[in-house]
There are 2 protein chains.
Amino acid sequence: MSLVEPTVGAPERSRVRVRLVVAYDGGAFRGFAANAGVPTVGGALADALGRVLGRSVELTCAGRTDAGVHAWGQVVTFDAPEGFDAARLQRSVNGMCGPDVVVRSVAVTEPGFDARFSARSRRYRYVVLNRPVPDPFLARTSWWVPEPLDLAGLQLACDPFLGEHDFSAFCRRPKRAAPEEPASLVRRVLGAGWHDGGDGILRFEIEASAFCHQMVRSIVGTLVAVGRRSMRAGDVAGVIRSRDRARAGQLAPPHGLCLWSVAYDGWCS
Amino acid sequence: MSLVEPTVGAPERSRVRVRLVVAYDGGAFRGFAANAGVPTVGGALADALGRVLGRSVELTCAGRTDAGVHAWGQVVTFDAPEGFDAARLQRSVNGMCGPDVVVRSVAVTEPGFDARFSARSRRYRYVVLNRPVPDPFLARTSWWVPEPLDLAGLQLACDPFLGEHDFSAFCRRPKRAAPEEPASLVRRVLGAGWHDGGDGILRFEIEASAFCHQMVRSIVGTLVAVGRRSMRAGDVAGVIRSRDRARAGQLAPPHGLCLWSVAYDGWCS
């Protein structure tokens, strides 16, 4: 299975920085971050890569998606021995992890490229199925909201999120701040809006420098509250300013959310 | 839960013929036909309808789909007490069976309407994902064929299926002919062709008066053999004429197949 010769007793080979674009159906996973004893996307990928490369690998990802959240353009970096066979690595990992987790592409990048810290922005998509009757084929990737939503209100309520804000009202504060986490919950939203795909398929896209924990789902829950007319679009700016989590809408379910793409200098997943 | 008053000791109410359009993700079911001890779509529906109506119901369906096969426009008929609440029945059944099985619509039809015997034709869709890399979001509803297919060959190989043929080479003969089964495997194909949805999504549609067991999957397997250049389009007519099942292509997997719609006089699901 290993693509490289064992290095026991031999001098350490040169390593290269490898960048994967990974898609996954998050339904069967407890999120991306490896966590002993529970199935995670990062755990499954690291296991497969370790078997293919014959050594353990440490993964960095662009966005640590939560349990049940999907990805189309997740970016993952790690180091591999120089001269590894990229096409064979992709086939082998997809054979082990597919079809729930799929490596869409493999590339060798410059040594300093880091999936997380080199990212300029992340773009998420959230799909709401706004029809009176559910759909078995969209159930795993959308939030079914049967009551007719006010589309103009949904769109109008996006504007207050644009720009730099303290998103305390829309984030779950980590129980214990991780040392590498920025203490602040200030984030810059670069774009946010709804696309009406017809037939009740409403697609929300939001791009930001970075997101805090549960931020997109909390924003979507708030927007849908406006769409349901249980909150006014004009009140959203006040909710943001309040920094009070109790004033935001309910958390939208994870299975409607997908990490769509990640932008870097000169490249986008 | 029951929508009608109990009829114990009371005269039998008038009954009406009810027509459902049902969509389902067949992945978790052993086909449509109720079968004690295994999960089937018909079993789940009959259970839910029985609870809602307070009496057992006998279902007739337009197409008895196999294990793992999906439906978007399956048609189901049964008798219900006159005056039942159709909207409430739909909500209740969808609450019990959704989101894997969803009643898309409920209507009262003329008494003689029968989901199976009134049907003029059935239309099935089969999706092939023809890309080098699989897709986690299409994995449950398409057959992943990584090697590039000859699209012209795929299309050309459809023509010999048009019209009336004995489809013995493309059907699994029932072990014991059911009394209501027509003895013949002659069927009339009204249309068959591929639609290239772009990005490697190839959608096959076939319409026929009726289908025999495994007929669409066997036809798709044969067409894909032509697409892979392991069979010639020009040989397909001979395979049909041979009535020899060993000469057809491999059986395409069930999860790419969907009963799309059923046509009746003046109405289509």
# chains A, B, ... in the order shown; residues from 1 in each chain; ligands from 1
>>> interface_residues(of="chain B", to="chain A", cutoff="8 Å", atoms="only C-alpha atoms", output="PyMOL selection string")
chain B and resi 23-25+98-104+133-137+139
>>> write_last_selection(atoms="C-alpha atoms", output="PDB file, in the first residue's frame")
ATOM      1  CA  ALA B  23     -41.127  10.314  -4.089  1.00  0.00           C
ATOM      2  CA  TYR B  24     -38.573   8.233  -2.239  1.00  0.00           C
ATOM      3  CA  ASP B  25     -34.903   7.660  -1.707  1.00  0.00           C
ATOM      4  CA  GLY B  98     -40.372  11.607   5.612  1.00  0.00           C
ATOM      5  CA  PRO B  99     -37.923  12.614   4.484  1.00  0.00           C
ATOM      6  CA  ASP B 100     -36.991   9.281   2.842  1.00  0.00           C
ATOM      7  CA  VAL B 101     -40.561   8.718   1.600  1.00  0.00           C
ATOM      8  CA  VAL B 102     -42.652  11.782   0.743  1.00  0.00           C
ATOM      9  CA  VAL B 103     -46.239  12.034  -0.498  1.00  0.00           C
ATOM     10  CA  ARG B 104     -46.040  14.839  -3.068  1.00  0.00           C
ATOM     11  CA  VAL B 133     -13.258  11.615  -9.435  1.00  0.00           C
ATOM     12  CA  PRO B 134     -16.443  10.605  -7.541  1.00  0.00           C
ATOM     13  CA  ASP B 135     -18.824  13.136  -5.945  1.00  0.00           C
ATOM     14  CA  PRO B 136     -20.070  12.632  -2.374  1.00  0.00           C
ATOM     15  CA  PHE B 137     -23.321  14.475  -3.109  1.00  0.00           C
ATOM     16  CA  ALA B 139     -23.027   9.085  -4.875  1.00  0.00           C
TER      17      ALA B 139
END
>>> residues_around(residues="Phe29 (chain B)", least_positions_apart="4", cutoff="10 Å", atoms="only C-alpha atoms", output="PDB file with all heavy atoms, in the first residue's frame")
ATOM      1  N   TYR B  24     -39.367   8.854  -3.309  1.00  0.00           N
ATOM      2  CA  TYR B  24     -38.573   8.233  -2.239  1.00  0.00           C
ATOM      3  C   TYR B  24     -37.127   8.008  -2.632  1.00  0.00           C
ATOM      4  O   TYR B  24     -36.798   7.811  -3.796  1.00  0.00           O
ATOM      5  CB  TYR B  24     -39.189   6.908  -1.753  1.00  0.00           C
ATOM      6  CG  TYR B  24     -39.642   5.928  -2.802  1.00  0.00           C
ATOM      7  CD1 TYR B  24     -38.774   4.995  -3.363  1.00  0.00           C
ATOM      8  CD2 TYR B  24     -40.977   5.912  -3.220  1.00  0.00           C
ATOM      9  CE1 TYR B  24     -39.208   4.073  -4.307  1.00  0.00           C
ATOM     10  CE2 TYR B  24     -41.412   5.000  -4.173  1.00  0.00           C
ATOM     11  CZ  TYR B  24     -40.525   4.086  -4.718  1.00  0.00           C
ATOM     12  OH  TYR B  24     -40.960   3.188  -5.661  1.00  0.00           O
ATOM     13  N   ASP B  25     -36.295   8.075  -1.606  1.00  0.00           N
ATOM     14  CA  ASP B  25     -34.903   7.660  -1.707  1.00  0.00           C
ATOM     15  C   ASP B  25     -34.906   6.182  -1.357  1.00  0.00           C
ATOM     16  O   ASP B  25     -35.128   5.802  -0.207  1.00  0.00           O
ATOM     17  CB  ASP B  25     -34.058   8.467  -0.714  1.00  0.00           C
ATOM     18  CG  ASP B  25     -32.586   8.087  -0.756  1.00  0.00           C
ATOM     19  OD1 ASP B  25     -32.273   6.917  -1.075  1.00  0.00           O
ATOM     20  OD2 ASP B  25     -31.740   8.939  -0.461  1.00  0.00           O
ATOM     21  N   ALA B  33     -42.502  -3.262  -3.012  1.00  0.00           N
ATOM     22  CA  ALA B  33     -43.520  -4.239  -2.605  1.00  0.00           C
ATOM     23  C   ALA B  33     -43.381  -4.643  -1.134  1.00  0.00           C
ATOM     24  O   ALA B  33     -42.296  -5.033  -0.694  1.00  0.00           O
ATOM     25  CB  ALA B  33     -43.422  -5.467  -3.499  1.00  0.00           C
ATOM     26  N   VAL B  38     -38.872  -7.042   6.280  1.00  0.00           N
ATOM     27  CA  VAL B  38     -37.853  -6.170   5.688  1.00  0.00           C
ATOM     28  C   VAL B  38     -38.468  -4.807   5.392  1.00  0.00           C
ATOM     29  O   VAL B  38     -39.664  -4.708   5.104  1.00  0.00           O
ATOM     30  CB  VAL B  38     -37.233  -6.764   4.391  1.00  0.00           C
ATOM     31  CG1 VAL B  38     -36.481  -8.059   4.677  1.00  0.00           C
ATOM     32  CG2 VAL B  38     -38.284  -6.990   3.320  1.00  0.00           C
ATOM     33  N   PRO B  39     -37.652  -3.746   5.489  1.00  0.00           N
ATOM     34  CA  PRO B  39     -38.208  -2.406   5.239  1.00  0.00           C
ATOM     35  C   PRO B  39     -38.472  -2.200   3.752  1.00  0.00           C
ATOM     36  O   PRO B  39     -37.576  -2.346   2.924  1.00  0.00           O
ATOM     37  CB  PRO B  39     -37.104  -1.466   5.736  1.00  0.00           C
ATOM     38  CG  PRO B  39     -35.840  -2.269   5.688  1.00  0.00           C
ATOM     39  CD  PRO B  39     -36.219  -3.711   5.833  1.00  0.00           C
ATOM     40  N   THR B  40     -39.713  -1.914   3.407  1.00  0.00           N
ATOM     41  CA  THR B  40     -40.066  -1.612   2.014  1.00  0.00           C
ATOM     42  C   THR B  40     -40.843  -0.299   1.995  1.00  0.00           C
ATOM     43  O   THR B  40     -41.436   0.110   3.007  1.00  0.00           O
ATOM     44  CB  THR B  40     -40.940  -2.713   1.375  1.00  0.00           C
ATOM     45  OG1 THR B  40     -42.221  -2.729   2.038  1.00  0.00           O
ATOM     46  CG2 THR B  40     -40.290  -4.090   1.499  1.00  0.00           C
ATOM     47  N   VAL B  41     -40.826   0.342   0.847  1.00  0.00           N
ATOM     48  CA  VAL B  41     -41.537   1.616   0.711  1.00  0.00           C
ATOM     49  C   VAL B  41     -43.036   1.384   0.882  1.00  0.00           C
ATOM     50  O   VAL B  41     -43.711   2.115   1.620  1.00  0.00           O
ATOM     51  CB  VAL B  41     -41.243   2.242  -0.664  1.00  0.00           C
ATOM     52  CG1 VAL B  41     -42.041   3.525  -0.839  1.00  0.00           C
ATOM     53  CG2 VAL B  41     -39.754   2.522  -0.820  1.00  0.00           C
ATOM     54  N   GLY B  42     -43.544   0.356   0.218  1.00  0.00           N
ATOM     55  CA  GLY B  42     -44.974   0.067   0.315  1.00  0.00           C
ATOM     56  C   GLY B  42     -45.382  -0.282   1.741  1.00  0.00           C
ATOM     57  O   GLY B  42     -46.455   0.122   2.212  1.00  0.00           O
ATOM     58  N   GLY B  43     -44.528  -1.027   2.430  1.00  0.00           N
ATOM     59  CA  GLY B  43     -44.817  -1.379   3.817  1.00  0.00           C
ATOM     60  C   GLY B  43     -44.884  -0.150   4.710  1.00  0.00           C
ATOM     61  O   GLY B  43     -45.798  -0.004   5.535  1.00  0.00           O
ATOM     62  N   ALA B  44     -43.907   0.750   4.539  1.00  0.00           N
ATOM     63  CA  ALA B  44     -43.877   1.973   5.359  1.00  0.00           C
ATOM     64  C   ALA B  44     -45.107   2.832   5.075  1.00  0.00           C
ATOM     65  O   ALA B  44     -45.754   3.365   5.992  1.00  0.00           O
ATOM     66  CB  ALA B  44     -42.595   2.756   5.079  1.00  0.00           C
ATOM     67  N   ASP B  66     -37.262  -2.004  -7.557  1.00  0.00           N
ATOM     68  CA  ASP B  66     -36.407  -2.959  -6.837  1.00  0.00           C
ATOM     69  C   ASP B  66     -35.700  -2.308  -5.650  1.00  0.00           C
ATOM     70  O   ASP B  66     -35.700  -1.083  -5.514  1.00  0.00           O
ATOM     71  CB  ASP B  66     -35.323  -3.472  -7.796  1.00  0.00           C
ATOM     72  CG  ASP B  66     -35.806  -4.674  -8.578  1.00  0.00           C
ATOM     73  OD1 ASP B  66     -36.800  -5.288  -8.162  1.00  0.00           O
ATOM     74  OD2 ASP B  66     -35.178  -4.978  -9.610  1.00  0.00           O
ATOM     75  N   ALA B  67     -35.048  -3.143  -4.867  1.00  0.00           N
ATOM     76  CA  ALA B  67     -34.248  -2.662  -3.732  1.00  0.00           C
ATOM     77  C   ALA B  67     -33.260  -1.599  -4.201  1.00  0.00           C
ATOM     78  O   ALA B  67     -32.546  -1.808  -5.189  1.00  0.00           O
ATOM     79  CB  ALA B  67     -33.500  -3.825  -3.103  1.00  0.00           C
ATOM     80  N   GLY B  68     -33.237  -0.468  -3.510  1.00  0.00           N
ATOM     81  CA  GLY B  68     -32.253   0.577  -3.810  1.00  0.00           C
ATOM     82  C   GLY B  68     -32.658   1.542  -4.909  1.00  0.00           C
ATOM     83  O   GLY B  68     -31.993   2.556  -5.115  1.00  0.00           O
ATOM     84  N   VAL B  69     -33.737   1.243  -5.636  1.00  0.00           N
ATOM     85  CA  VAL B  69     -34.172   2.119  -6.734  1.00  0.00           C
ATOM     86  C   VAL B  69     -35.040   3.246  -6.160  1.00  0.00           C
ATOM     87  O   VAL B  69     -35.841   3.021  -5.254  1.00  0.00           O
ATOM     88  CB  VAL B  69     -34.949   1.307  -7.798  1.00  0.00           C
ATOM     89  CG1 VAL B  69     -35.545   2.218  -8.861  1.00  0.00           C
ATOM     90  CG2 VAL B  69     -34.038   0.254  -8.423  1.00  0.00           C
ATOM     91  N   HIS B  70     -34.864   4.444  -6.696  1.00  0.00           N
ATOM     92  CA  HIS B  70     -35.588   5.621  -6.216  1.00  0.00           C
ATOM     93  C   HIS B  70     -36.844   5.887  -7.048  1.00  0.00           C
ATOM     94  O   HIS B  70     -37.034   5.295  -8.106  1.00  0.00           O
ATOM     95  CB  HIS B  70     -34.691   6.857  -6.305  1.00  0.00           C
ATOM     96  CG  HIS B  70     -33.315   6.642  -5.777  1.00  0.00           C
ATOM     97  ND1 HIS B  70     -33.064   6.398  -4.453  1.00  0.00           N
ATOM     98  CD2 HIS B  70     -32.104   6.606  -6.401  1.00  0.00           C
ATOM     99  CE1 HIS B  70     -31.762   6.243  -4.276  1.00  0.00           C
ATOM    100  NE2 HIS B  70     -31.153   6.360  -5.436  1.00  0.00           N
ATOM    101  N   ASP B 100     -37.366  10.292   3.842  1.00  0.00           N
ATOM    102  CA  ASP B 100     -36.991   9.281   2.842  1.00  0.00           C
ATOM    103  C   ASP B 100     -38.145   8.965   1.893  1.00  0.00           C
ATOM    104  O   ASP B 100     -37.930   8.705   0.709  1.00  0.00           O
ATOM    105  CB  ASP B 100     -36.526   7.991   3.532  1.00  0.00           C
ATOM    106  CG  ASP B 100     -35.055   8.061   3.900  1.00  0.00           C
ATOM    107  OD1 ASP B 100     -34.387   9.033   3.503  1.00  0.00           O
ATOM    108  OD2 ASP B 100     -34.573   7.147   4.596  1.00  0.00           O
TER     109      ASP B 100
END
>>> residues_around(residues="Phe113 (chain A)", least_positions_apart="2", cutoff="9 Å", atoms="only C-alpha atoms", output="list in words")
Arg17, Val18, Arg19, Thr77, Thr109, Glu110, Pro111, Ala115, Arg116, Phe117 and Ser118 of chain A
>>> write_last_selection(atoms="N, CA, C and O atoms", output="tab-separated table (two decimals), in the first residue's frame")
chain	number	residue	atom	x	y	z
A	17	ARG	N	5.36	20.29	0.57
A	17	ARG	CA	4.06	20.68	1.10
A	17	ARG	C	2.99	20.30	0.06
A	17	ARG	O	3.11	20.68	-1.11
A	18	VAL	N	1.99	19.55	0.49
A	18	VAL	CA	0.96	19.07	-0.43
A	18	VAL	C	-0.37	19.74	-0.07
A	18	VAL	O	-0.69	19.92	1.11
A	19	ARG	N	-1.11	20.10	-1.12
A	19	ARG	CA	-2.41	20.75	-0.93
A	19	ARG	C	-3.50	19.90	-1.57
A	19	ARG	O	-3.43	19.58	-2.76
A	77	THR	N	-3.70	20.88	3.96
A	77	THR	CA	-2.26	20.79	3.65
A	77	THR	C	-1.57	19.84	4.62
A	77	THR	O	-2.01	19.67	5.77
A	109	THR	N	2.64	22.47	-3.38
A	109	THR	CA	2.67	23.94	-3.34
A	109	THR	C	4.00	24.41	-2.77
A	109	THR	O	4.84	23.60	-2.38
A	110	GLU	N	4.14	25.73	-2.66
A	110	GLU	CA	5.37	26.26	-2.05
A	110	GLU	C	5.38	25.87	-0.56
A	110	GLU	O	4.32	25.69	0.04
A	111	PRO	N	6.59	25.72	0.02
A	111	PRO	CA	6.71	25.17	1.38
A	111	PRO	C	5.95	25.98	2.43
A	111	PRO	O	5.45	25.42	3.40
A	115	ALA	N	-2.97	25.69	4.62
A	115	ALA	CA	-4.40	25.71	4.29
A	115	ALA	C	-5.14	26.74	5.13
A	115	ALA	O	-6.04	27.42	4.65
A	116	ARG	N	-4.75	26.86	6.39
A	116	ARG	CA	-5.49	27.75	7.29
A	116	ARG	C	-4.94	29.18	7.27
A	116	ARG	O	-5.68	30.13	7.03
A	117	PHE	N	-3.64	29.33	7.51
A	117	PHE	CA	-3.12	30.68	7.72
A	117	PHE	C	-2.86	31.44	6.42
A	117	PHE	O	-2.78	32.66	6.43
A	118	SER	N	-2.74	30.72	5.29
A	118	SER	CA	-2.58	31.43	4.02
A	118	SER	C	-3.93	31.84	3.41
A	118	SER	O	-3.95	32.59	2.43
>>> residues_around(residues="Ser56 (chain A)", least_positions_apart="6", cutoff="8 Å", atoms="only C-alpha atoms", output="MDAnalysis selection string")
chainID A and resid 46:47 49:50
>>> select_by_dssp(residues="region 70-206 of chain A", states="strand (DSSP E)", output="JSON, numbers by chain")
{"A": [70, 71, 72, 73, 74, 75, 76, 77, 78, 79, 80, 81, 101, 102, 103, 104, 105, 106, 107, 108, 109, 121, 122, 123, 124, 125, 126, 127, 128, 129, 143, 144, 163, 164, 165, 166, 186, 187, 188, 189, 190, 191, 192, 193, 194, 195, 196, 201, 202, 203, 204, 205, 206]}
>>> write_last_selection(atoms="N, CA and C atoms", output="compact mmCIF listing (two decimals), in the first residue's frame")
# COMPACT_ATOMS: atom_id res chain seq x y z
N HIS A 70 -21.17 19.93 5.53
CA HIS A 70 -20.53 19.39 4.34
C HIS A 70 -19.43 20.32 3.83
N ALA A 71 -18.67 19.83 2.85
CA ALA A 71 -17.71 20.69 2.16
C ALA A 71 -17.63 20.27 0.71
N TRP A 72 -17.44 21.27 -0.15
CA TRP A 72 -17.15 21.01 -1.55
C TRP A 72 -15.69 21.40 -1.85
N GLY A 73 -15.24 22.50 -1.25
CA GLY A 73 -13.88 22.98 -1.55
C GLY A 73 -13.03 23.15 -0.29
N GLN A 74 -13.12 22.20 0.63
CA GLN A 74 -12.24 22.24 1.81
C GLN A 74 -10.79 22.12 1.31
N VAL A 75 -9.88 22.87 1.92
CA VAL A 75 -8.46 22.78 1.55
C VAL A 75 -7.69 22.22 2.73
N VAL A 76 -6.82 21.26 2.42
CA VAL A 76 -6.06 20.55 3.45
C VAL A 76 -4.59 20.54 3.04
N THR A 77 -3.70 20.88 3.96
CA THR A 77 -2.26 20.79 3.65
C THR A 77 -1.57 19.84 4.62
N PHE A 78 -0.50 19.23 4.12
CA PHE A 78 0.35 18.36 4.94
C PHE A 78 1.68 18.19 4.21
N ASP A 79 2.62 17.58 4.88
CA ASP A 79 3.92 17.33 4.25
C ASP A 79 4.04 15.88 3.84
N ALA A 80 4.65 15.67 2.67
CA ALA A 80 4.84 14.31 2.16
C ALA A 80 6.26 14.18 1.62
N PRO A 81 6.76 12.96 1.55
CA PRO A 81 8.11 12.77 1.02
C PRO A 81 8.17 13.22 -0.44
N VAL A 101 -16.09 10.90 1.47
CA VAL A 101 -14.99 11.88 1.47
C VAL A 101 -14.20 11.66 0.19
N VAL A 102 -14.04 12.72 -0.60
CA VAL A 102 -13.38 12.59 -1.91
C VAL A 102 -12.31 13.66 -2.05
N VAL A 103 -11.11 13.24 -2.40
CA VAL A 103 -10.04 14.19 -2.74
C VAL A 103 -10.26 14.60 -4.18
N ARG A 104 -10.61 15.88 -4.39
CA ARG A 104 -10.89 16.36 -5.74
C ARG A 104 -9.61 16.68 -6.50
N SER A 105 -8.58 17.14 -5.81
CA SER A 105 -7.30 17.41 -6.49
C SER A 105 -6.16 17.37 -5.49
N VAL A 106 -4.97 17.10 -6.03
CA VAL A 106 -3.73 17.03 -5.25
C VAL A 106 -2.71 17.91 -5.95
N ALA A 107 -2.03 18.77 -5.21
CA ALA A 107 -0.98 19.60 -5.82
C ALA A 107 0.16 19.79 -4.83
N VAL A 108 1.37 19.92 -5.34
CA VAL A 108 2.50 20.31 -4.50
C VAL A 108 2.59 21.83 -4.55
N THR A 109 2.64 22.47 -3.38
CA THR A 109 2.67 23.94 -3.34
C THR A 109 4.00 24.41 -2.77
N SER A 121 -9.92 34.25 2.41
CA SER A 121 -11.34 34.27 2.78
C SER A 121 -11.94 32.88 2.56
N ARG A 122 -13.07 32.65 3.24
CA ARG A 122 -13.84 31.41 3.10
C ARG A 122 -15.24 31.77 2.61
N ARG A 123 -15.79 30.89 1.79
CA ARG A 123 -17.16 31.09 1.30
C ARG A 123 -17.99 29.87 1.68
N TYR A 124 -19.10 30.10 2.36
CA TYR A 124 -20.02 29.02 2.73
C TYR A 124 -21.32 29.17 1.95
N ARG A 125 -21.97 28.03 1.70
CA ARG A 125 -23.31 28.03 1.12
C ARG A 125 -24.25 27.37 2.11
N TYR A 126 -25.46 27.89 2.18
CA TYR A 126 -26.49 27.27 3.00
C TYR A 126 -27.74 27.14 2.15
N VAL A 127 -28.33 25.95 2.07
CA VAL A 127 -29.51 25.74 1.24
C VAL A 127 -30.75 25.57 2.12
N VAL A 128 -31.77 26.39 1.84
CA VAL A 128 -33.08 26.26 2.47
C VAL A 128 -34.05 25.76 1.42
N LEU A 129 -34.76 24.69 1.74
CA LEU A 129 -35.80 24.20 0.83
C LEU A 129 -37.13 24.75 1.31
N TRP A 143 -32.11 22.62 4.56
CA TRP A 143 -33.02 22.78 5.71
C TRP A 143 -34.41 22.98 5.14
N TRP A 144 -35.33 22.09 5.44
CA TRP A 144 -36.69 22.19 4.93
C TRP A 144 -37.49 23.15 5.81
N GLY A 163 -19.27 43.94 6.13
CA GLY A 163 -18.25 44.75 6.79
C GLY A 163 -17.76 44.10 8.07
N GLU A 164 -17.04 44.89 8.86
CA GLU A 164 -16.39 44.35 10.06
C GLU A 164 -17.29 44.57 11.28
N HIS A 165 -17.57 43.47 11.98
CA HIS A 165 -18.40 43.54 13.18
C HIS A 165 -17.86 42.58 14.24
N ASP A 166 -18.24 42.85 15.47
CA ASP A 166 -18.05 41.88 16.54
C ASP A 166 -19.25 40.93 16.48
N VAL A 186 -14.33 39.55 16.30
CA VAL A 186 -14.50 40.49 15.19
C VAL A 186 -14.12 39.78 13.89
N ARG A 187 -15.03 39.84 12.91
CA ARG A 187 -14.78 39.25 11.60
C ARG A 187 -15.24 40.22 10.52
N ARG A 188 -14.65 40.09 9.31
CA ARG A 188 -15.03 40.97 8.20
C ARG A 188 -15.81 40.17 7.17
N VAL A 189 -17.08 40.51 6.99
CA VAL A 189 -17.92 39.83 5.98
C VAL A 189 -17.78 40.58 4.65
N LEU A 190 -17.37 39.85 3.61
CA LEU A 190 -17.07 40.47 2.32
C LEU A 190 -18.29 40.44 1.40
N GLY A 191 -19.18 39.50 1.62
CA GLY A 191 -20.37 39.40 0.78
C GLY A 191 -21.37 38.46 1.41
N ALA A 192 -22.65 38.73 1.21
CA ALA A 192 -23.69 37.84 1.74
C ALA A 192 -24.96 38.09 0.95
N GLY A 193 -25.60 37.03 0.48
CA GLY A 193 -26.83 37.22 -0.28
C GLY A 193 -27.49 35.90 -0.60
N TRP A 194 -28.76 35.99 -1.01
CA TRP A 194 -29.54 34.82 -1.36
C TRP A 194 -29.67 34.71 -2.87
N HIS A 195 -29.66 33.46 -3.34
CA HIS A 195 -29.94 33.18 -4.74
C HIS A 195 -31.17 32.29 -4.77
N ASP A 196 -32.19 32.72 -5.52
CA ASP A 196 -33.41 31.93 -5.63
C ASP A 196 -33.26 30.99 -6.82
N ILE A 201 -35.91 26.39 -3.96
CA ILE A 201 -34.53 26.15 -3.51
C ILE A 201 -33.85 27.50 -3.31
N LEU A 202 -33.64 27.87 -2.06
CA LEU A 202 -33.03 29.17 -1.73
C LEU A 202 -31.60 28.91 -1.24
N ARG A 203 -30.64 29.56 -1.89
CA ARG A 203 -29.24 29.32 -1.58
C ARG A 203 -28.61 30.59 -1.04
N PHE A 204 -28.13 30.52 0.18
CA PHE A 204 -27.46 31.65 0.82
C PHE A 204 -25.96 31.47 0.66
N GLU A 205 -25.26 32.54 0.25
CA GLU A 205 -23.80 32.48 0.19
C GLU A 205 -23.23 33.60 1.03
N ILE A 206 -22.21 33.28 1.79
CA ILE A 206 -21.56 34.31 2.61
C ILE A 206 -20.05 34.09 2.54
>>> residues_around(residues="region 238-251 of chain B", least_positions_apart="3", cutoff="7 Å", atoms="only C-alpha atoms", output="list in words")
Phe167, Ser168, Ala169, Phe170, Arg217, Ser218, Gly221, Thr222, Ala225 and Asp235 of chain B
>>> write_last_selection(atoms="all heavy atoms", output="short mmCIF file (atom, residue, chain, number, x, y, z; two decimals), in the first residue's frame")
data_model
loop_
_atom_site.label_atom_id
_atom_site.label_comp_id
_atom_site.auth_asym_id
_atom_site.auth_seq_id
_atom_site.Cartn_x
_atom_site.Cartn_y
_atom_site.Cartn_z
N PHE B 167 -37.91 -8.63 -24.76
CA PHE B 167 -36.76 -8.17 -23.98
C PHE B 167 -36.15 -9.27 -23.10
O PHE B 167 -35.54 -8.96 -22.07
CB PHE B 167 -37.15 -6.93 -23.16
CG PHE B 167 -37.15 -5.67 -23.98
CD1 PHE B 167 -38.33 -5.17 -24.52
CD2 PHE B 167 -35.96 -5.00 -24.25
CE1 PHE B 167 -38.33 -4.02 -25.30
CE2 PHE B 167 -35.95 -3.86 -25.03
CZ PHE B 167 -37.14 -3.36 -25.55
N SER B 168 -36.27 -10.51 -23.52
CA SER B 168 -35.73 -11.62 -22.72
C SER B 168 -34.24 -11.44 -22.40
O SER B 168 -33.79 -11.85 -21.33
CB SER B 168 -35.91 -12.94 -23.46
OG SER B 168 -37.28 -13.23 -23.59
N ALA B 169 -33.47 -10.83 -23.31
CA ALA B 169 -32.03 -10.65 -23.06
C ALA B 169 -31.78 -9.61 -21.98
O ALA B 169 -30.65 -9.52 -21.47
CB ALA B 169 -31.32 -10.25 -24.35
N PHE B 170 -32.80 -8.83 -21.61
CA PHE B 170 -32.61 -7.72 -20.69
C PHE B 170 -33.47 -7.82 -19.43
O PHE B 170 -33.65 -6.84 -18.73
CB PHE B 170 -32.91 -6.40 -21.41
CG PHE B 170 -32.01 -6.16 -22.57
CD1 PHE B 170 -32.31 -6.64 -23.84
CD2 PHE B 170 -30.79 -5.49 -22.39
CE1 PHE B 170 -31.46 -6.45 -24.90
CE2 PHE B 170 -29.93 -5.29 -23.46
CZ PHE B 170 -30.27 -5.78 -24.72
N ARG B 217 -32.07 -1.36 -15.85
CA ARG B 217 -30.67 -1.52 -15.40
C ARG B 217 -29.87 -2.37 -16.37
O ARG B 217 -28.67 -2.14 -16.57
CB ARG B 217 -30.64 -2.12 -14.00
CG ARG B 217 -31.16 -1.15 -12.93
CD ARG B 217 -31.45 -1.85 -11.63
NE ARG B 217 -30.28 -2.52 -11.13
CZ ARG B 217 -30.30 -3.50 -10.21
NH1 ARG B 217 -31.46 -3.91 -9.72
NH2 ARG B 217 -29.19 -4.05 -9.80
N SER B 218 -30.50 -3.33 -16.99
CA SER B 218 -29.80 -4.18 -17.94
C SER B 218 -29.53 -3.42 -19.24
O SER B 218 -28.45 -3.55 -19.84
CB SER B 218 -30.64 -5.43 -18.20
OG SER B 218 -29.99 -6.31 -19.06
N GLY B 221 -26.69 -0.98 -18.46
CA GLY B 221 -25.41 -1.70 -18.42
C GLY B 221 -24.89 -1.99 -19.82
O GLY B 221 -23.69 -1.88 -20.08
N THR B 222 -25.80 -2.32 -20.73
CA THR B 222 -25.42 -2.60 -22.11
C THR B 222 -24.96 -1.32 -22.82
O THR B 222 -23.95 -1.30 -23.52
CB THR B 222 -26.61 -3.24 -22.85
OG1 THR B 222 -27.01 -4.42 -22.13
CG2 THR B 222 -26.25 -3.61 -24.28
N ALA B 225 -21.59 -0.40 -21.66
CA ALA B 225 -20.59 -1.27 -22.30
C ALA B 225 -20.21 -0.71 -23.67
O ALA B 225 -19.04 -0.71 -24.07
CB ALA B 225 -21.13 -2.70 -22.43
N ASP B 235 -23.88 -3.85 -32.53
CA ASP B 235 -24.18 -5.22 -32.06
C ASP B 235 -25.43 -5.28 -31.19
O ASP B 235 -25.89 -6.39 -30.85
CB ASP B 235 -22.99 -5.77 -31.26
CG ASP B 235 -21.78 -6.00 -32.15
OD1 ASP B 235 -21.98 -6.11 -33.38
OD2 ASP B 235 -20.65 -6.04 -31.62
#
